[in-house]
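These notes are about the structure you will find just below.
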Amino acid sequence: MRPSLLPAGLLFASSALLLAACSESSPPPASNPVAETAHQYDTEIRWTSYGIPHVKADDWGSLGYGFAYATANDAICTIARDVLMVNGELSATFGEENGNYESDVFHRAVLDEAMIERFRSGQEERTLEFSAGYVAGYNRYLADNADDLPTACAGADWVRTLTERDVDKLTVGVGIRYGLGLFQREMANAAPPGNPVARLQSDFDIETGIGSNAVAMGRDVTETGSGILLGNPHYPWQGSSRFHMIHTTIPGEVDVMGVSLYTTNRIAIGFNHDVAWSHTVSTGMRSTVYALELDPENPTRYRYGDDFRDMERVSIEVPVRNIEGGISQRSHDVYMTHFGPVLVSDQLPWTNESAYAIRDVNLYNDRMAATYDALNKARNIDEVEAALSLQGVSWVNTIAADRDGTAFYADISVVPNVDADLIGRCRVTTEGVPARVVILDGSDPDCEWYDAAESEVPGAMPAGNMPRIRRDDYVHNANDSYWLSTPREPLEGYSPIIGSERSQVSLRTRAGLVFIEQALASGEKMRPDHIQDMLFSHRHFGAELFLDEVLALCSSNNETVTFENEEIDVTPACSALADWDRREDIDSRGAHVWREFWRQAARISDRYVVPFDVEDPVNTPRQLATDNPEVREGLLQALAHSQTFWQQQGIALDAELGTLQYEPRNDERIPIPGGDGGAGMWSVITSQFNAEQQAYSPILHGNSYMQVISWDQDGRVDPRAILSYSQSEDPRSPHFADQTRLYSQSQWLELPFYEEDILADPNLLSLRLQE
């Protein structure tokens, strides 16, 4: 299905919430000029089609005011719940189950008053003004709409006014999400030997499905000679990690459009008149674990050099809802070292001899606002690189393009200042812990992270030591390391704390690189629609590589397969796969058979004939080893599994994907294209089969905010985008599903960025806010 481009003026209906807000007419011009200047906050919000807010103000405080009001209009319940989370109030509100208690312990212990005061002291005056305005704007929205909140939080006493401390905690919480934030349960579970400890398996990794693709094209390969950028983050479809489209302007100072997360307050992925950028989650480690050698006489003392140090026992009071419906205070101890908190899990036990602590480099990172303010205003790749070097990008790669035609990749994120030599001298191996997790010897002072005066963040590797590359053709990232950002010029020689080099990359990375090289091999100069089609063709690269070999196995297999003590004839599954178009579009038939087949086949050991070759990383490994009896049997078993699974569900093997994979919105089931990135899908949708719904529903992660940004022959920016799950979390809103319907049909919006485009929008709604 070829994607089409729609002007952002179709399928729009006025939001009841917006109409309610706009019913407050703007104040008439004041006869007394002094009265007009008495407003601390003065902002204009203009909503164009699909509920996209354009916030315009003359100062940073007023910009924050409008930013918060516009975001709360679509996400008030989620923001309010995350405020509870970062303040450690989930157990008091919702009960201690479902990890709420562990979350409360974590946030109360880590985001304490001293931490937040230190964070605030590092902010620029502009940031403090924006934050104060954000708080006032959020509270204004709450006051204006207290009796008309979405069902998810209507009448809830936990939806309360915001404070600047809340905003600070939300910001720090996002920064440590993929470091210390991955170990909330382990920190809350930590107790000295002899105390009861819950059995807990650490998984150490970012949640499956979280990731992104991004491509930047340079002047040598584009039709206009300007850059083209594709941003395609694969982020959750529910909760506070949803993106929200917004456009912010202070005339003469900043004019930027893109997305923030629901609970953040800067445009994180987007574009301005001169540059466009996107992010992908980086392979860099944000923390290291330290193995502690304990005092034989006291397991709360740990060796450091020739001496022992005392752990600090910190008592946290956690309010918990009791069975009578009231609130009880529960005291909980956490244990701190100079590295950071002690952790406990099955893989990281606290015994009389040893324990483990974690140090997170982003815990004291206060550079986010300064970095994104600079990035939002960047005029070229030089200024993008300078903005990133402020080190406020906590855990992502940046891929960017500019109007001059430079394509840029950088992992200038924040990682511990640790090199290969330190890791080689100090690494400790612990059973059950993945090799990518760096555990260092905590007893040796020489195993501390290096200090670098030039680092903006304490303990961080200097920005100058992080990988980056500029190209006139292209760069790409799909969550593998910096090494293969382009196979035409691999990046090497960096610390392993950032990522691996000369090692096998994912099928998704290979898919993107192959699709790009195929497009360039045509000899045709790249246009935005080429990049859009590359994503929304929904090609299944894994099937392109391996399906013919599986079909050949089907043809050569004259015997039935013994599966779960039954003889299974896999001919129906083979027939369905033979007729499949090797895409995961909504009208693709048989894609679900391959999906469940490959989820089993991917577990087969030694399944390839040609192993990974560092000299040919894009095309290896390849060729299924169907001559190997164990591999052959494993593939047949996987076919039998998939066929039996679908037959037991009563679902046809040639069913259209869109009848099985959909997003429920009110009484509507919207078909959703895309599939498993690990199987080789570049257009990623992560879902699990729901037996109750008899479908891959609801969607968990995947294609979210997708933007293709380019510049025309006159140098005017040409922005195209789609937000797969739509702007609003409120089922009453017309923007709860409007863009989702477009995404279902692989369509894009032309974004109204220029003033004349905003004013020409047929569904324009305006609101002047003053306070």
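If you're wondering about the labels, chains in the structure tokens are A, B, ... by order shown, residues count from 1 in each chain, ligands from 1 in order shown.
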
Practice prompt. Give the strand (DSSP E or B) residues of segment 646-768 of chain A, as assigned by DSSP on the backbone, as a ChimeraX atom specification.
Written response: /A:656,661-665,668-671,675,681,684-686,689-690,695-696,701-703,705-711,717-723,747-750,765-768

Restricting it to C-alpha atoms, dump the selection as a PDB file, in the first residue's frame.
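Generated output (result38.pdb):
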ATOM      1  CA  GLU A 656      -5.633 -10.366   6.714  1.00  0.00           C
ATOM      2  CA  GLN A 661      -3.791  -6.591  14.698  1.00  0.00           C
ATOM      3  CA  TYR A 662      -5.805  -3.550  15.638  1.00  0.00           C
ATOM      4  CA  GLU A 663      -6.079  -0.760  18.151  1.00  0.00           C
ATOM      5  CA  PRO A 664      -9.422  -0.523  19.974  1.00  0.00           C
ATOM      6  CA  ARG A 665     -10.693   3.050  20.153  1.00  0.00           C
ATOM      7  CA  GLU A 668     -13.887   1.018  16.741  1.00  0.00           C
ATOM      8  CA  ARG A 669     -11.176  -1.478  15.853  1.00  0.00           C
ATOM      9  CA  ILE A 670      -8.560   0.316  13.776  1.00  0.00           C
ATOM     10  CA  PRO A 671      -6.329  -2.042  11.739  1.00  0.00           C
ATOM     11  CA  GLY A 675       5.424  -6.092  12.951  1.00  0.00           C
ATOM     12  CA  MET A 681      10.568  -5.502  10.316  1.00  0.00           C
ATOM     13  CA  VAL A 684       7.825  -1.848  13.871  1.00  0.00           C
ATOM     14  CA  ILE A 685       4.704  -2.655  15.845  1.00  0.00           C
ATOM     15  CA  THR A 686       5.080  -4.714  19.012  1.00  0.00           C
ATOM     16  CA  PHE A 689      -1.631 -12.201  20.951  1.00  0.00           C
ATOM     17  CA  ASN A 690      -4.528 -11.578  23.317  1.00  0.00           C
ATOM     18  CA  ALA A 695      -6.129 -10.541  18.279  1.00  0.00           C
ATOM     19  CA  TYR A 696      -2.779  -8.792  18.548  1.00  0.00           C
ATOM     20  CA  HIS A 701       5.032  -0.268  21.336  1.00  0.00           C
ATOM     21  CA  GLY A 702       6.225   0.645  17.887  1.00  0.00           C
ATOM     22  CA  ASN A 703       5.815   3.300  15.221  1.00  0.00           C
ATOM     23  CA  TYR A 705       5.683   9.890  15.941  1.00  0.00           C
ATOM     24  CA  MET A 706       7.012   9.600  12.408  1.00  0.00           C
ATOM     25  CA  GLN A 707       8.408  12.658  10.647  1.00  0.00           C
ATOM     26  CA  VAL A 708       9.972  13.185   7.241  1.00  0.00           C
ATOM     27  CA  ILE A 709      11.513  16.646   7.083  1.00  0.00           C
ATOM     28  CA  SER A 710      13.077  18.144   3.968  1.00  0.00           C
ATOM     29  CA  TRP A 711      13.620  21.497   2.285  1.00  0.00           C
ATOM     30  CA  VAL A 717      11.106  23.470   5.193  1.00  0.00           C
ATOM     31  CA  ASP A 718       8.672  20.772   4.027  1.00  0.00           C
ATOM     32  CA  PRO A 719       7.472  18.901   7.141  1.00  0.00           C
ATOM     33  CA  ARG A 720       5.435  15.707   6.948  1.00  0.00           C
ATOM     34  CA  ALA A 721       4.476  13.594   9.927  1.00  0.00           C
ATOM     35  CA  ILE A 722       1.954  11.297  11.561  1.00  0.00           C
ATOM     36  CA  LEU A 723       1.327  10.388  15.195  1.00  0.00           C
ATOM     37  CA  GLN A 747      -0.993   8.232   5.254  1.00  0.00           C
ATOM     38  CA  TRP A 748       0.927  11.331   6.309  1.00  0.00           C
ATOM     39  CA  LEU A 749       0.080  14.917   7.241  1.00  0.00           C
ATOM     40  CA  GLU A 750       1.562  18.085   5.834  1.00  0.00           C
ATOM     41  CA  LEU A 765      -9.215  27.424  16.928  1.00  0.00           C
ATOM     42  CA  SER A 766      -7.535  30.149  18.959  1.00  0.00           C
ATOM     43  CA  LEU A 767      -7.267  30.841  22.655  1.00  0.00           C
ATOM     44  CA  ARG A 768      -5.599  33.832  24.338  1.00  0.00           C
TER      45      ARG A 768
END

Discussion item. Just want the 7 Å neighbourhood of Ser588 of chain A, counted on only C-alpha atoms, with same-chain residues fewer than 4 positions away dropped. Output as a ChimeraX atom specification.
Written reply: /A:580-581,583-584,656-657

Fill in: Residue among A:Gly680, A:Pro673, A:Gly499, A:Gly227 lying closest to Ile586 of chain A, counting only C-alpha atoms
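Of all the options, A:Pro673 lies closest to Ile586 of chain A.
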
Worksheet item: From the list A:Glu431, A:Glu124, A:Glu454, A:Asp712, which residue is nearest Met368 of chain A when using only C-alpha atoms?
Response: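 Checking each of A:Glu431, A:Glu124, A:Glu454, A:Asp712 against Met368 of chain A, counting only C-alpha atoms, the winner is A:Glu124.
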
Discussion item. Using only C-alpha atoms, which protein or nucleic acid residues come within 8 Å of segment 190-196 of chain A? Drop anything in the same chain fewer than 6 positions from it, and give the result as JSON, numbers by chain.
Written reply: {"A": [299, 300, 333, 334, 335, 342, 343, 344, 345, 350, 351, 352]}

Worksheet item: When distances are computed from only C-alpha atoms, which of A:Leu769, A:Val505, A:Thr78, A:Phe515 shows the smallest separation from Asp613 of chain A?
Response: A:Val505

Item to complete: Can you pull out every residue within 9 Å of Gly442 of chain A, counting only C-alpha atoms, but drop anything in the same chain fewer than 4 positions away, and send it as a list in words?
Response: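 Once the nearby chain positions are removed, what remains is Val289, Tyr290, Ala291, Leu292, Glu293, Tyr302, Arg303, Tyr304, Gly305, Phe339, Tyr356, Ala357, Cys426, Cys447 and Glu448 of chain A.
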
Which residues are close to Leu128 of chain A, i.e. within 10 Å by only C-alpha atoms, leaving aside same-chain residues fewer than 3 positions away? Reply as a compact mmCIF listing (two decimals) with N, CA and C atoms, in the first residue's frame.
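Result saved to result.txt:
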# COMPACT_ATOMS: atom_id res chain seq x y z
N TRP A 60 9.76 33.39 27.97
CA TRP A 60 9.86 31.97 28.28
C TRP A 60 8.82 31.54 29.32
N GLY A 61 8.51 32.39 30.25
CA GLY A 61 7.49 32.02 31.22
C GLY A 61 6.14 31.81 30.56
N GLY A 64 6.11 28.56 28.56
CA GLY A 64 5.86 27.41 29.43
C GLY A 64 4.41 27.31 29.84
N ARG A 120 17.95 22.16 40.72
CA ARG A 120 17.45 23.52 40.45
C ARG A 120 18.59 24.54 40.42
N SER A 121 19.58 24.33 41.26
CA SER A 121 20.68 25.29 41.32
C SER A 121 21.49 25.31 40.03
N GLN A 123 20.13 25.21 36.98
CA GLN A 123 19.31 25.66 35.86
C GLN A 123 19.55 27.13 35.53
N GLU A 124 19.44 27.47 34.27
CA GLU A 124 19.53 28.85 33.85
C GLU A 124 18.24 29.59 34.19
N GLU A 125 18.32 30.90 34.26
CA GLU A 125 17.15 31.70 34.61
C GLU A 125 16.00 31.47 33.64
N SER A 131 9.78 26.90 33.66
CA SER A 131 9.21 25.94 34.60
C SER A 131 8.10 26.56 35.43
N ALA A 132 8.32 27.79 35.92
CA ALA A 132 7.28 28.47 36.69
C ALA A 132 6.05 28.70 35.83
N GLY A 133 6.26 29.08 34.57
CA GLY A 133 5.13 29.26 33.67
C GLY A 133 4.42 27.95 33.39
N TYR A 134 5.18 26.88 33.25
CA TYR A 134 4.58 25.56 33.01
C TYR A 134 3.67 25.18 34.17
N GLU A 164 6.72 23.50 41.19
CA GLU A 164 7.97 23.46 40.44
C GLU A 164 8.82 22.27 40.85
N ALA A 369 17.53 20.93 29.90
CA ALA A 369 16.83 22.10 29.36
C ALA A 369 17.78 22.95 28.52

Fill in: Picked from segment 525-614 of chain A by DSSP as helix (DSSP H, G or I), as a ChimeraX atom specification
/A:528-536,541-556,571-579,591-601

Go ahead and write the residues just picked, C-alpha atoms, as a compact mmCIF listing (two decimals), in the first residue's frame.
# COMPACT_ATOMS: atom_id res chain seq x y z
CA PRO A 528 10.68 12.85 0.78
CA ASP A 529 8.12 10.45 -0.70
CA HIS A 530 10.89 7.90 -1.29
CA ILE A 531 11.67 7.90 2.42
CA GLN A 532 7.99 7.76 3.33
CA ASP A 533 7.48 4.76 1.04
CA MET A 534 10.56 3.07 2.49
CA LEU A 535 8.86 2.99 5.89
CA PHE A 536 5.23 2.52 4.89
CA PHE A 541 13.16 -8.01 5.52
CA GLY A 542 13.43 -11.25 7.50
CA ALA A 543 10.95 -12.91 5.15
CA GLU A 544 12.78 -11.52 2.13
CA LEU A 545 15.90 -13.27 3.41
CA PHE A 546 14.49 -16.57 4.62
CA LEU A 547 11.00 -17.33 3.31
CA ASP A 548 12.16 -18.93 0.07
CA GLU A 549 14.39 -21.27 2.06
CA VAL A 550 11.48 -22.23 4.30
CA LEU A 551 9.26 -22.82 1.27
CA ALA A 552 11.97 -25.02 -0.24
CA LEU A 553 11.99 -26.97 3.02
CA CYS A 554 8.22 -27.33 2.73
CA SER A 555 8.57 -28.74 -0.79
CA SER A 556 11.27 -31.21 0.17
CA THR A 571 1.05 -28.08 4.12
CA PRO A 572 -1.61 -25.48 5.11
CA ALA A 573 0.99 -23.27 6.80
CA CYS A 574 3.33 -23.62 3.84
CA SER A 575 0.55 -22.71 1.42
CA ALA A 576 -0.38 -19.62 3.41
CA LEU A 577 3.25 -18.48 3.47
CA ALA A 578 3.65 -19.14 -0.27
CA ASP A 579 0.79 -16.71 -0.98
CA ALA A 591 1.83 -12.51 7.91
CA HIS A 592 0.63 -13.84 11.27
CA VAL A 593 1.72 -17.36 10.32
CA TRP A 594 5.29 -16.16 9.74
CA ARG A 595 5.21 -14.09 12.92
CA GLU A 596 4.49 -17.03 15.21
CA PHE A 597 6.76 -19.29 13.15
CA TRP A 598 9.73 -16.94 13.48
CA ARG A 599 9.20 -16.34 17.20
CA GLN A 600 10.00 -20.05 17.55
CA ALA A 601 12.57 -20.35 14.76
